[in-house]
Amino acid sequence: MEASSRATTRRTLLRTAAVVGGAPATHALAPLGRALAGAPAILKPLPADQFVDFGTNAEMRWSSVDPRRYLTPQARLFVRNHTATPTIDAATYVLKVHGDGLRTPRTAADPLTVTLRDLKRLPRTTLVSTHECTGNGRSFFSTQQGTPATGTAWTLGAVGTVRWEGVRLRDLLHHLGLDRDAVSVQGTGLDPSYVTGGVDYGPVRRPFPVTKALDDALLAWGMNGEPLLPDHGYPLRLVLPGWVGIGSIKWLGSLEVSTTELSSPWNTKWYRIGDEVLSTNPVRSAWELPWGAELDRRRRLDLTGRSWSGAAPVRRVEVSADGGATWQRAKVRPAREHGWSQWSWTWSRPESGAYELLARATDAAGRTQPLVTAFNDNGYFFDAVVRHPVTVV
Ligand SMILES: Nc1nc2c(c(=O)[nH]1)N[C@H]1C(S)=C(S)[C@@H](COP(=O)(O)O)O[C@H]1N2
Ligand SMILES: [Mo]
């Protein structure tokens, strides 16, 4: 089963690259580029049975997910790097905070500096949340809807659920002194500047409203009880729970707090659909099965998967084995905090043959996954029900 799912994924990749031309070819060839360049973009091991290696990005394989484990181990979590994982010395690390949104305004040249020890004197907190890339599911714009989009050809594995450990951003801002007219906060990473198409866009950074900063935003140094791995932002990253992954800036070097709206190419050029600057993640579902799985025919086949939403807990999951003609309710387990929901479904007396398994979730905000989702050039927010091929033998 493993071998055939790998082969299928590779074929899908090559097909996508061939169809789109240009940009996706880089993704298909990136592992080679990484080897030639010498310095790897991702430092943790990426075993082929657990990850699809896109070079600077790596996708978790749903076929490798352990149904008995709720949290995604850090070693198994997808990685999305615009450039490469930097190596940062925690002993000399400081977070720089500036802007006219501080009660005592500071310039970028003369920022407040906060060490990890300073942060660890604030009240600590943990938070379970589903962490996901905006482009998760992108390849299905091509393979399922026939409209290829630019960018990494993720299937559904650019997602995980983890327990973050750190301090609330609001506690730091109140500790430093926040101006009541502050409206916008922007975090900037310490990774190398992002250069594409001959343009240097500077370091990865993206603004967000002060309301999110004062609500549930975190500064995290830990994941699942371990220090962050270098690939996931060591020694400190932002976490914006329920929001597009790009908001959770890794290797956080600085924070700007402003009384005017901040902007960067990551909210004006990318991570938007038309006029909408993307924030809350959509509803999605995945089966814990290899792509093209071969299932042994039995009277009862017990299948599992997970569904998640950036807005609210998942309330209902329906599955279909006949292309969406009829649906049955899956048994949904309660989620932890802002994490995903695990579900299970028993397939009774399937005949031998080829099928597409569908799973469709509805969240407590009333959002249900559609069967087809509107196209956008960068392939963000593919939230349609994915048609997962399996064969009963
Ligand atoms: N500094 C920095 N932060 C970043 C990125 C990056 O390339 N550089 N990628 C963003 C994107 S697009 C995503 S989806 C998440 C991925 O986090 P992970 O690699 O820890 O899974 O980090 C975000 N934060
Ligand atoms: Mo992302």
# chains A, B, ... in the order shown; residues from 1 in each chain; ligands from 1
>>> select_by_dssp(residues="region 83-274 of chain A", states="alpha helix (DSSP H)", output="MDAnalysis selection string")
chainID A and resid 116:120 139:143 169:176 210:215 265:268
>>> residues_near_ligand(ligand="ligand 2", cutoff="10 Å", atoms="only C-alpha atoms and all ligand atoms", output="PDB file with all heavy atoms, in the first residue's frame")
ATOM      1  N   ASN A  57       9.684  22.957   1.288  1.00  0.00           N
ATOM      2  CA  ASN A  57       8.460  22.582   1.999  1.00  0.00           C
ATOM      3  C   ASN A  57       8.383  21.067   2.106  1.00  0.00           C
ATOM      4  O   ASN A  57       8.936  20.364   1.266  1.00  0.00           O
ATOM      5  CB  ASN A  57       7.229  23.089   1.242  1.00  0.00           C
ATOM      6  CG  ASN A  57       7.270  24.590   1.009  1.00  0.00           C
ATOM      7  OD1 ASN A  57       7.727  25.337   1.863  1.00  0.00           O
ATOM      8  ND2 ASN A  57       6.819  25.024  -0.138  1.00  0.00           N
ATOM      9  N   VAL A  79       6.319  21.206   7.047  1.00  0.00           N
ATOM     10  CA  VAL A  79       7.175  22.399   7.120  1.00  0.00           C
ATOM     11  C   VAL A  79       6.913  23.251   5.885  1.00  0.00           C
ATOM     12  O   VAL A  79       6.849  22.730   4.767  1.00  0.00           O
ATOM     13  CB  VAL A  79       8.674  22.034   7.145  1.00  0.00           C
ATOM     14  CG1 VAL A  79       9.531  23.308   7.238  1.00  0.00           C
ATOM     15  CG2 VAL A  79       8.989  21.103   8.304  1.00  0.00           C
ATOM     16  N   ARG A  80       6.769  24.559   6.117  1.00  0.00           N
ATOM     17  CA  ARG A  80       6.599  25.500   5.008  1.00  0.00           C
ATOM     18  C   ARG A  80       7.598  26.631   5.207  1.00  0.00           C
ATOM     19  O   ARG A  80       7.446  27.445   6.115  1.00  0.00           O
ATOM     20  CB  ARG A  80       5.153  26.017   5.003  1.00  0.00           C
ATOM     21  CG  ARG A  80       4.914  27.294   4.217  1.00  0.00           C
ATOM     22  CD  ARG A  80       5.147  27.124   2.727  1.00  0.00           C
ATOM     23  NE  ARG A  80       4.707  28.294   1.976  1.00  0.00           N
ATOM     24  CZ  ARG A  80       5.513  29.044   1.211  1.00  0.00           C
ATOM     25  NH1 ARG A  80       6.804  28.762   1.093  1.00  0.00           N
ATOM     26  NH2 ARG A  80       5.014  30.075   0.547  1.00  0.00           N
ATOM     27  N   ASN A  81       8.657  26.600   4.390  1.00  0.00           N
ATOM     28  CA  ASN A  81       9.693  27.633   4.449  1.00  0.00           C
ATOM     29  C   ASN A  81       9.708  28.433   3.152  1.00  0.00           C
ATOM     30  O   ASN A  81       9.785  27.845   2.074  1.00  0.00           O
ATOM     31  CB  ASN A  81      11.082  26.997   4.601  1.00  0.00           C
ATOM     32  CG  ASN A  81      11.371  26.530   6.022  1.00  0.00           C
ATOM     33  OD1 ASN A  81      10.658  26.886   6.965  1.00  0.00           O
ATOM     34  ND2 ASN A  81      12.422  25.748   6.173  1.00  0.00           N
ATOM     35  N   HIS A  82       9.688  29.767   3.258  1.00  0.00           N
ATOM     36  CA  HIS A  82       9.875  30.581   2.060  1.00  0.00           C
ATOM     37  C   HIS A  82      11.312  30.484   1.566  1.00  0.00           C
ATOM     38  O   HIS A  82      11.564  30.571   0.376  1.00  0.00           O
ATOM     39  CB  HIS A  82       9.528  32.042   2.347  1.00  0.00           C
ATOM     40  CG  HIS A  82       8.060  32.306   2.338  1.00  0.00           C
ATOM     41  ND1 HIS A  82       7.212  31.884   3.333  1.00  0.00           N
ATOM     42  CD2 HIS A  82       7.276  32.931   1.421  1.00  0.00           C
ATOM     43  CE1 HIS A  82       5.976  32.256   3.037  1.00  0.00           C
ATOM     44  NE2 HIS A  82       5.989  32.886   1.881  1.00  0.00           N
ATOM     45  N   HIS A 131      -2.896  23.757  13.023  1.00  0.00           N
ATOM     46  CA  HIS A 131      -1.960  24.646  12.342  1.00  0.00           C
ATOM     47  C   HIS A 131      -1.957  24.228  10.873  1.00  0.00           C
ATOM     48  O   HIS A 131      -1.762  23.051  10.576  1.00  0.00           O
ATOM     49  CB  HIS A 131      -0.593  24.419  13.006  1.00  0.00           C
ATOM     50  CG  HIS A 131       0.551  25.106  12.355  1.00  0.00           C
ATOM     51  ND1 HIS A 131       0.597  26.464  12.175  1.00  0.00           N
ATOM     52  CD2 HIS A 131       1.721  24.610  11.863  1.00  0.00           C
ATOM     53  CE1 HIS A 131       1.759  26.775  11.602  1.00  0.00           C
ATOM     54  NE2 HIS A 131       2.442  25.670  11.397  1.00  0.00           N
ATOM     55  N   GLU A 132      -2.205  25.162   9.973  1.00  0.00           N
ATOM     56  CA  GLU A 132      -2.410  24.769   8.582  1.00  0.00           C
ATOM     57  C   GLU A 132      -1.945  25.839   7.604  1.00  0.00           C
ATOM     58  O   GLU A 132      -2.094  27.036   7.855  1.00  0.00           O
ATOM     59  CB  GLU A 132      -3.917  24.525   8.354  1.00  0.00           C
ATOM     60  CG  GLU A 132      -4.235  23.989   6.982  1.00  0.00           C
ATOM     61  CD  GLU A 132      -5.702  23.630   6.815  1.00  0.00           C
ATOM     62  OE1 GLU A 132      -6.559  24.358   7.364  1.00  0.00           O
ATOM     63  OE2 GLU A 132      -5.970  22.625   6.134  1.00  0.00           O
ATOM     64  N   CYS A 133      -1.427  25.374   6.478  1.00  0.00           N
ATOM     65  CA  CYS A 133      -1.013  26.297   5.413  1.00  0.00           C
ATOM     66  C   CYS A 133      -2.226  26.681   4.567  1.00  0.00           C
ATOM     67  O   CYS A 133      -3.083  25.851   4.268  1.00  0.00           O
ATOM     68  CB  CYS A 133       0.057  25.649   4.541  1.00  0.00           C
ATOM     69  SG  CYS A 133       0.685  26.763   3.278  1.00  0.00           S
ATOM     70  N   THR A 134      -2.249  27.945   4.167  1.00  0.00           N
ATOM     71  CA  THR A 134      -3.323  28.495   3.336  1.00  0.00           C
ATOM     72  C   THR A 134      -3.508  27.707   2.040  1.00  0.00           C
ATOM     73  O   THR A 134      -4.609  27.609   1.510  1.00  0.00           O
ATOM     74  CB  THR A 134      -2.977  29.955   2.958  1.00  0.00           C
ATOM     75  OG1 THR A 134      -2.247  30.535   4.033  1.00  0.00           O
ATOM     76  CG2 THR A 134      -4.205  30.764   2.670  1.00  0.00           C
ATOM     77  N   GLY A 135      -2.390  27.160   1.543  1.00  0.00           N
ATOM     78  CA  GLY A 135      -2.436  26.447   0.263  1.00  0.00           C
ATOM     79  C   GLY A 135      -2.705  24.963   0.419  1.00  0.00           C
ATOM     80  O   GLY A 135      -2.653  24.224  -0.578  1.00  0.00           O
ATOM     81  N   ASN A 136      -3.001  24.508   1.637  1.00  0.00           N
ATOM     82  CA  ASN A 136      -3.266  23.076   1.815  1.00  0.00           C
ATOM     83  C   ASN A 136      -4.372  22.642   0.846  1.00  0.00           C
ATOM     84  O   ASN A 136      -5.378  23.348   0.690  1.00  0.00           O
ATOM     85  CB  ASN A 136      -3.686  22.788   3.267  1.00  0.00           C
ATOM     86  CG  ASN A 136      -3.573  21.311   3.611  1.00  0.00           C
ATOM     87  OD1 ASN A 136      -2.812  20.569   2.972  1.00  0.00           O
ATOM     88  ND2 ASN A 136      -4.308  20.873   4.621  1.00  0.00           N
ATOM     89  N   THR A 152       3.135  25.383  -4.306  1.00  0.00           N
ATOM     90  CA  THR A 152       3.427  24.007  -3.888  1.00  0.00           C
ATOM     91  C   THR A 152       2.193  23.124  -4.047  1.00  0.00           C
ATOM     92  O   THR A 152       1.106  23.479  -3.589  1.00  0.00           O
ATOM     93  CB  THR A 152       3.892  24.007  -2.413  1.00  0.00           C
ATOM     94  OG1 THR A 152       5.048  24.822  -2.325  1.00  0.00           O
ATOM     95  CG2 THR A 152       4.208  22.604  -1.929  1.00  0.00           C
ATOM     96  N   ALA A 158      -0.642  19.591   4.572  1.00  0.00           N
ATOM     97  CA  ALA A 158      -0.005  20.801   5.105  1.00  0.00           C
ATOM     98  C   ALA A 158      -0.794  21.273   6.325  1.00  0.00           C
ATOM     99  O   ALA A 158      -1.260  22.420   6.406  1.00  0.00           O
ATOM    100  CB  ALA A 158       0.081  21.889   4.040  1.00  0.00           C
ATOM    101  N   VAL A 159      -0.970  20.366   7.271  1.00  0.00           N
ATOM    102  CA  VAL A 159      -1.782  20.627   8.458  1.00  0.00           C
ATOM    103  C   VAL A 159      -1.342  19.708   9.586  1.00  0.00           C
ATOM    104  O   VAL A 159      -0.800  18.620   9.339  1.00  0.00           O
ATOM    105  CB  VAL A 159      -3.289  20.399   8.141  1.00  0.00           C
ATOM    106  CG1 VAL A 159      -3.585  18.947   7.813  1.00  0.00           C
ATOM    107  CG2 VAL A 159      -4.191  20.898   9.274  1.00  0.00           C
ATOM    108  N   VAL A 244      -4.740  31.552   8.943  1.00  0.00           N
ATOM    109  CA  VAL A 244      -3.807  31.059   7.927  1.00  0.00           C
ATOM    110  C   VAL A 244      -2.385  30.959   8.491  1.00  0.00           C
ATOM    111  O   VAL A 244      -1.921  31.861   9.192  1.00  0.00           O
ATOM    112  CB  VAL A 244      -3.823  31.976   6.687  1.00  0.00           C
ATOM    113  CG1 VAL A 244      -5.115  31.769   5.914  1.00  0.00           C
ATOM    114  CG2 VAL A 244      -3.657  33.446   7.054  1.00  0.00           C
ATOM    115  N   GLY A 245      -1.702  29.849   8.147  1.00  0.00           N
ATOM    116  CA  GLY A 245      -0.375  29.559   8.700  1.00  0.00           C
ATOM    117  C   GLY A 245       0.624  30.698   8.539  1.00  0.00           C
ATOM    118  O   GLY A 245       1.482  30.899   9.401  1.00  0.00           O
ATOM    119  N   ILE A 246       0.514  31.471   7.459  1.00  0.00           N
ATOM    120  CA  ILE A 246       1.472  32.554   7.219  1.00  0.00           C
ATOM    121  C   ILE A 246       1.456  33.580   8.351  1.00  0.00           C
ATOM    122  O   ILE A 246       2.445  34.273   8.580  1.00  0.00           O
ATOM    123  CB  ILE A 246       1.211  33.245   5.853  1.00  0.00           C
ATOM    124  CG1 ILE A 246       2.246  34.324   5.544  1.00  0.00           C
ATOM    125  CG2 ILE A 246      -0.207  33.823   5.791  1.00  0.00           C
ATOM    126  CD1 ILE A 246       3.662  33.855   5.443  1.00  0.00           C
ATOM    127  N   GLY A 247       0.355  33.666   9.098  1.00  0.00           N
ATOM    128  CA  GLY A 247       0.307  34.614  10.214  1.00  0.00           C
ATOM    129  C   GLY A 247       1.211  34.210  11.361  1.00  0.00           C
ATOM    130  O   GLY A 247       1.637  35.052  12.160  1.00  0.00           O
ATOM    131  N   SER A 248       1.528  32.917  11.432  1.00  0.00           N
ATOM    132  CA  SER A 248       2.312  32.402  12.559  1.00  0.00           C
ATOM    133  C   SER A 248       3.804  32.463  12.215  1.00  0.00           C
ATOM    134  O   SER A 248       4.432  31.457  11.900  1.00  0.00           O
ATOM    135  CB  SER A 248       1.872  30.970  12.879  1.00  0.00           C
ATOM    136  OG  SER A 248       0.515  30.972  13.307  1.00  0.00           O
ATOM    137  N   TYR A 271      -1.543  35.665  -0.176  1.00  0.00           N
ATOM    138  CA  TYR A 271      -2.451  35.326   0.933  1.00  0.00           C
ATOM    139  C   TYR A 271      -3.675  36.238   0.972  1.00  0.00           C
ATOM    140  O   TYR A 271      -4.131  36.685   2.012  1.00  0.00           O
ATOM    141  CB  TYR A 271      -1.701  35.311   2.283  1.00  0.00           C
ATOM    142  CG  TYR A 271      -0.576  34.311   2.244  1.00  0.00           C
ATOM    143  CD1 TYR A 271       0.727  34.719   2.004  1.00  0.00           C
ATOM    144  CD2 TYR A 271      -0.832  32.948   2.379  1.00  0.00           C
ATOM    145  CE1 TYR A 271       1.759  33.798   1.902  1.00  0.00           C
ATOM    146  CE2 TYR A 271       0.187  32.020   2.276  1.00  0.00           C
ATOM    147  CZ  TYR A 271       1.481  32.446   2.038  1.00  0.00           C
ATOM    148  OH  TYR A 271       2.490  31.535   1.936  1.00  0.00           O
ATOM    149  N   TYR A 380      -5.361  29.098  -3.001  1.00  0.00           N
ATOM    150  CA  TYR A 380      -5.597  29.113  -1.555  1.00  0.00           C
ATOM    151  C   TYR A 380      -6.960  28.493  -1.236  1.00  0.00           C
ATOM    152  O   TYR A 380      -7.878  28.502  -2.055  1.00  0.00           O
ATOM    153  CB  TYR A 380      -5.593  30.553  -1.022  1.00  0.00           C
ATOM    154  CG  TYR A 380      -4.304  31.299  -1.251  1.00  0.00           C
ATOM    155  CD1 TYR A 380      -4.300  32.581  -1.789  1.00  0.00           C
ATOM    156  CD2 TYR A 380      -3.068  30.727  -0.922  1.00  0.00           C
ATOM    157  CE1 TYR A 380      -3.118  33.290  -1.985  1.00  0.00           C
ATOM    158  CE2 TYR A 380      -1.884  31.428  -1.116  1.00  0.00           C
ATOM    159  CZ  TYR A 380      -1.912  32.708  -1.652  1.00  0.00           C
ATOM    160  OH  TYR A 380      -0.742  33.393  -1.845  1.00  0.00           O
TER     161      TYR A 380
END
>>> closest_residue(among="A:Tyr355, A:Tyr70, A:Trp340, A:Trp266", to="Arg206 (chain A)", atoms="only C-alpha atoms")
A:Trp266
>>> residues_around(residues="region 193-202 of chain A", least_positions_apart="2", cutoff="10 Å", atoms="only C-alpha atoms", output="list of chain:residue names")
A:Asn81, A:His82, A:Thr83, A:Ala84, A:Thr188, A:Gly189, A:Leu190, A:Asp191, A:Val204, A:Arg205, A:Ser264, A:Pro265, A:Trp266
>>> write_last_selection(atoms="C-alpha atoms", output="CSV table (one decimal), in the first residue's frame")
chain,number,residue,atom,x,y,z
A,81,ASN,CA,9.7,27.6,4.4
A,82,HIS,CA,9.9,30.6,2.1
A,83,THR,CA,13.7,30.2,2.1
A,84,ALA,CA,15.5,28.0,4.6
A,188,THR,CA,9.0,39.7,11.0
A,189,GLY,CA,11.1,36.5,10.7
A,190,LEU,CA,14.9,36.2,11.0
A,191,ASP,CA,15.1,33.8,8.0
A,204,VAL,CA,8.8,37.1,5.7
A,205,ARG,CA,6.3,39.4,7.6
A,264,SER,CA,3.6,43.8,3.5
A,265,PRO,CA,3.6,41.8,0.3
A,266,TRP,CA,2.3,38.9,2.4
>>> select_by_dssp(residues="region 124-329 of chain A", states="strand (DSSP E or B)", output="PyMOL selection string")
chain A and resi 124-132+159-168+178+184-189+195-196+199-200+205-209+218-223+226-227+237-239+243+252-258+272-273+276-277+280+283-287+293-295+300-309+314-320+328-329
>>> write_last_selection(atoms="C-alpha atoms", output="PDB file, in the first residue's frame")
ATOM      1  CA  ARG A 124       2.795  30.811  30.775  1.00  0.00           C
ATOM      2  CA  THR A 125       0.053  29.238  28.786  1.00  0.00           C
ATOM      3  CA  THR A 126      -0.580  26.265  26.523  1.00  0.00           C
ATOM      4  CA  LEU A 127      -3.017  26.065  23.660  1.00  0.00           C
ATOM      5  CA  VAL A 128      -4.034  23.184  21.391  1.00  0.00           C
ATOM      6  CA  SER A 129      -4.746  24.360  17.863  1.00  0.00           C
ATOM      7  CA  THR A 130      -4.820  23.119  14.313  1.00  0.00           C
ATOM      8  CA  HIS A 131      -1.960  24.646  12.342  1.00  0.00           C
ATOM      9  CA  GLU A 132      -2.410  24.769   8.582  1.00  0.00           C
ATOM     10  CA  VAL A 159      -1.782  20.627   8.458  1.00  0.00           C
ATOM     11  CA  GLY A 160      -1.310  19.323  11.980  1.00  0.00           C
ATOM     12  CA  THR A 161      -2.688  19.779  15.478  1.00  0.00           C
ATOM     13  CA  VAL A 162      -0.231  20.599  18.237  1.00  0.00           C
ATOM     14  CA  ARG A 163      -0.081  21.971  21.765  1.00  0.00           C
ATOM     15  CA  TRP A 164       1.783  25.265  21.811  1.00  0.00           C
ATOM     16  CA  GLU A 165       3.519  26.545  24.909  1.00  0.00           C
ATOM     17  CA  GLY A 166       4.430  30.172  25.497  1.00  0.00           C
ATOM     18  CA  VAL A 167       2.937  33.466  26.593  1.00  0.00           C
ATOM     19  CA  ARG A 168      -0.050  35.410  25.355  1.00  0.00           C
ATOM     20  CA  LEU A 178       0.136  49.528  24.556  1.00  0.00           C
ATOM     21  CA  SER A 184      -2.040  46.810  13.726  1.00  0.00           C
ATOM     22  CA  VAL A 185       0.784  44.423  14.688  1.00  0.00           C
ATOM     23  CA  GLN A 186       3.390  42.926  12.365  1.00  0.00           C
ATOM     24  CA  GLY A 187       5.855  40.151  13.101  1.00  0.00           C
ATOM     25  CA  THR A 188       9.020  39.709  11.009  1.00  0.00           C
ATOM     26  CA  GLY A 189      11.083  36.529  10.710  1.00  0.00           C
ATOM     27  CA  VAL A 195      13.551  36.561  -3.432  1.00  0.00           C
ATOM     28  CA  THR A 196      11.375  35.413  -6.306  1.00  0.00           C
ATOM     29  CA  VAL A 199      12.521  40.714  -6.760  1.00  0.00           C
ATOM     30  CA  ASP A 200      13.726  40.863  -3.157  1.00  0.00           C
ATOM     31  CA  ARG A 205       6.340  39.368   7.630  1.00  0.00           C
ATOM     32  CA  ARG A 206       2.605  39.870   7.779  1.00  0.00           C
ATOM     33  CA  PRO A 207       0.413  42.312   9.703  1.00  0.00           C
ATOM     34  CA  PHE A 208      -2.661  41.398  11.715  1.00  0.00           C
ATOM     35  CA  PRO A 209      -5.225  43.409  13.668  1.00  0.00           C
ATOM     36  CA  LEU A 218       0.673  33.545  21.357  1.00  0.00           C
ATOM     37  CA  LEU A 219       4.424  33.839  21.430  1.00  0.00           C
ATOM     38  CA  ALA A 220       5.415  30.177  21.522  1.00  0.00           C
ATOM     39  CA  TRP A 221       8.707  28.551  22.426  1.00  0.00           C
ATOM     40  CA  GLY A 222       7.375  25.021  22.778  1.00  0.00           C
ATOM     41  CA  MET A 223       5.327  22.398  20.983  1.00  0.00           C
ATOM     42  CA  GLU A 226       9.374  20.073  23.646  1.00  0.00           C
ATOM     43  CA  PRO A 227      11.291  23.196  22.632  1.00  0.00           C
ATOM     44  CA  ARG A 237       7.421  32.079  16.906  1.00  0.00           C
ATOM     45  CA  LEU A 238       4.067  33.768  16.678  1.00  0.00           C
ATOM     46  CA  VAL A 239       0.936  31.638  16.686  1.00  0.00           C
ATOM     47  CA  TRP A 243      -5.760  31.713  11.113  1.00  0.00           C
ATOM     48  CA  LEU A 252      10.291  35.924  15.281  1.00  0.00           C
ATOM     49  CA  GLY A 253      12.864  38.730  15.172  1.00  0.00           C
ATOM     50  CA  SER A 254      10.694  41.770  15.648  1.00  0.00           C
ATOM     51  CA  LEU A 255       7.211  43.037  16.302  1.00  0.00           C
ATOM     52  CA  GLU A 256       5.909  46.379  15.156  1.00  0.00           C
ATOM     53  CA  VAL A 257       2.855  47.837  16.875  1.00  0.00           C
ATOM     54  CA  SER A 258       1.213  50.670  14.974  1.00  0.00           C
ATOM     55  CA  ARG A 272      -5.468  37.178  -0.365  1.00  0.00           C
ATOM     56  CA  ILE A 273      -8.255  36.307  -2.784  1.00  0.00           C
ATOM     57  CA  GLU A 276     -10.153  39.636   0.802  1.00  0.00           C
ATOM     58  CA  VAL A 277      -7.066  39.427   3.020  1.00  0.00           C
ATOM     59  CA  THR A 280      -9.694  32.404   9.286  1.00  0.00           C
ATOM     60  CA  VAL A 283     -13.359  23.638   6.851  1.00  0.00           C
ATOM     61  CA  ARG A 284     -11.474  20.586   5.556  1.00  0.00           C
ATOM     62  CA  SER A 285     -11.401  16.814   6.007  1.00  0.00           C
ATOM     63  CA  ALA A 286      -8.949  14.001   5.311  1.00  0.00           C
ATOM     64  CA  TRP A 287      -9.057  10.220   5.420  1.00  0.00           C
ATOM     65  CA  ALA A 293      -5.411   2.523  -0.837  1.00  0.00           C
ATOM     66  CA  GLU A 294      -6.169  -1.151  -1.397  1.00  0.00           C
ATOM     67  CA  LEU A 295      -8.620  -2.320   1.264  1.00  0.00           C
ATOM     68  CA  ARG A 300     -17.128  -4.342   8.104  1.00  0.00           C
ATOM     69  CA  LEU A 301     -14.340  -1.945   7.215  1.00  0.00           C
ATOM     70  CA  ASP A 302     -13.531   0.511  10.002  1.00  0.00           C
ATOM     71  CA  LEU A 303     -12.143   3.715   8.487  1.00  0.00           C
ATOM     72  CA  THR A 304     -10.929   6.882  10.210  1.00  0.00           C
ATOM     73  CA  GLY A 305     -10.151  10.477   9.397  1.00  0.00           C
ATOM     74  CA  ARG A 306     -10.103  14.009  10.769  1.00  0.00           C
ATOM     75  CA  SER A 307     -11.879  17.292  10.055  1.00  0.00           C
ATOM     76  CA  TRP A 308     -11.047  20.811  11.158  1.00  0.00           C
ATOM     77  CA  SER A 309     -12.080  24.431  10.805  1.00  0.00           C
ATOM     78  CA  VAL A 314     -16.478  20.548  13.825  1.00  0.00           C
ATOM     79  CA  ARG A 315     -20.096  19.594  14.517  1.00  0.00           C
ATOM     80  CA  ARG A 316     -20.878  16.961  11.892  1.00  0.00           C
ATOM     81  CA  VAL A 317     -19.052  14.759   9.392  1.00  0.00           C
ATOM     82  CA  GLU A 318     -20.841  12.910   6.597  1.00  0.00           C
ATOM     83  CA  VAL A 319     -19.227  10.343   4.342  1.00  0.00           C
ATOM     84  CA  SER A 320     -20.161   8.918   0.978  1.00  0.00           C
ATOM     85  CA  GLN A 328     -23.934   8.608   6.192  1.00  0.00           C
ATOM     86  CA  ARG A 329     -22.955  10.193   9.485  1.00  0.00           C
TER      87      ARG A 329
END
>>> decode(residues="region 198-202 of chain A", atoms="all heavy atoms", output="PDB file, in the first residue's frame")
ATOM      1  N   GLY A 198      13.280  37.513  -9.403  1.00  0.00           N
ATOM      2  CA  GLY A 198      14.254  38.600  -9.447  1.00  0.00           C
ATOM      3  C   GLY A 198      13.937  39.761  -8.511  1.00  0.00           C
ATOM      4  O   GLY A 198      14.633  40.775  -8.516  1.00  0.00           O
ATOM      5  N   VAL A 199      12.883  39.626  -7.687  1.00  0.00           N
ATOM      6  CA  VAL A 199      12.521  40.714  -6.760  1.00  0.00           C
ATOM      7  C   VAL A 199      12.813  40.269  -5.328  1.00  0.00           C
ATOM      8  O   VAL A 199      12.465  39.159  -4.927  1.00  0.00           O
ATOM      9  CB  VAL A 199      11.022  41.075  -6.885  1.00  0.00           C
ATOM     10  CG1 VAL A 199      10.641  42.197  -5.923  1.00  0.00           C
ATOM     11  CG2 VAL A 199      10.683  41.447  -8.325  1.00  0.00           C
ATOM     12  N   ASP A 200      13.473  41.139  -4.571  1.00  0.00           N
ATOM     13  CA  ASP A 200      13.726  40.863  -3.157  1.00  0.00           C
ATOM     14  C   ASP A 200      12.593  41.498  -2.338  1.00  0.00           C
ATOM     15  O   ASP A 200      12.480  42.725  -2.281  1.00  0.00           O
ATOM     16  CB  ASP A 200      15.082  41.458  -2.758  1.00  0.00           C
ATOM     17  CG  ASP A 200      15.453  41.127  -1.319  1.00  0.00           C
ATOM     18  OD1 ASP A 200      14.552  40.785  -0.520  1.00  0.00           O
ATOM     19  OD2 ASP A 200      16.649  41.231  -0.998  1.00  0.00           O
ATOM     20  N   TYR A 201      11.769  40.648  -1.728  1.00  0.00           N
ATOM     21  CA  TYR A 201      10.619  41.148  -0.959  1.00  0.00           C
ATOM     22  C   TYR A 201      10.940  41.352   0.514  1.00  0.00           C
ATOM     23  O   TYR A 201      10.056  41.673   1.300  1.00  0.00           O
ATOM     24  CB  TYR A 201       9.431  40.196  -1.117  1.00  0.00           C
ATOM     25  CG  TYR A 201       8.856  40.219  -2.522  1.00  0.00           C
ATOM     26  CD1 TYR A 201       9.258  39.290  -3.468  1.00  0.00           C
ATOM     27  CD2 TYR A 201       7.940  41.199  -2.893  1.00  0.00           C
ATOM     28  CE1 TYR A 201       8.754  39.326  -4.768  1.00  0.00           C
ATOM     29  CE2 TYR A 201       7.429  41.247  -4.185  1.00  0.00           C
ATOM     30  CZ  TYR A 201       7.840  40.301  -5.118  1.00  0.00           C
ATOM     31  OH  TYR A 201       7.336  40.351  -6.398  1.00  0.00           O
ATOM     32  N   GLY A 202      12.203  41.127   0.889  1.00  0.00           N
ATOM     33  CA  GLY A 202      12.577  41.298   2.286  1.00  0.00           C
ATOM     34  C   GLY A 202      12.187  40.083   3.105  1.00  0.00           C
ATOM     35  O   GLY A 202      11.696  39.080   2.575  1.00  0.00           O
TER      36      GLY A 202
END
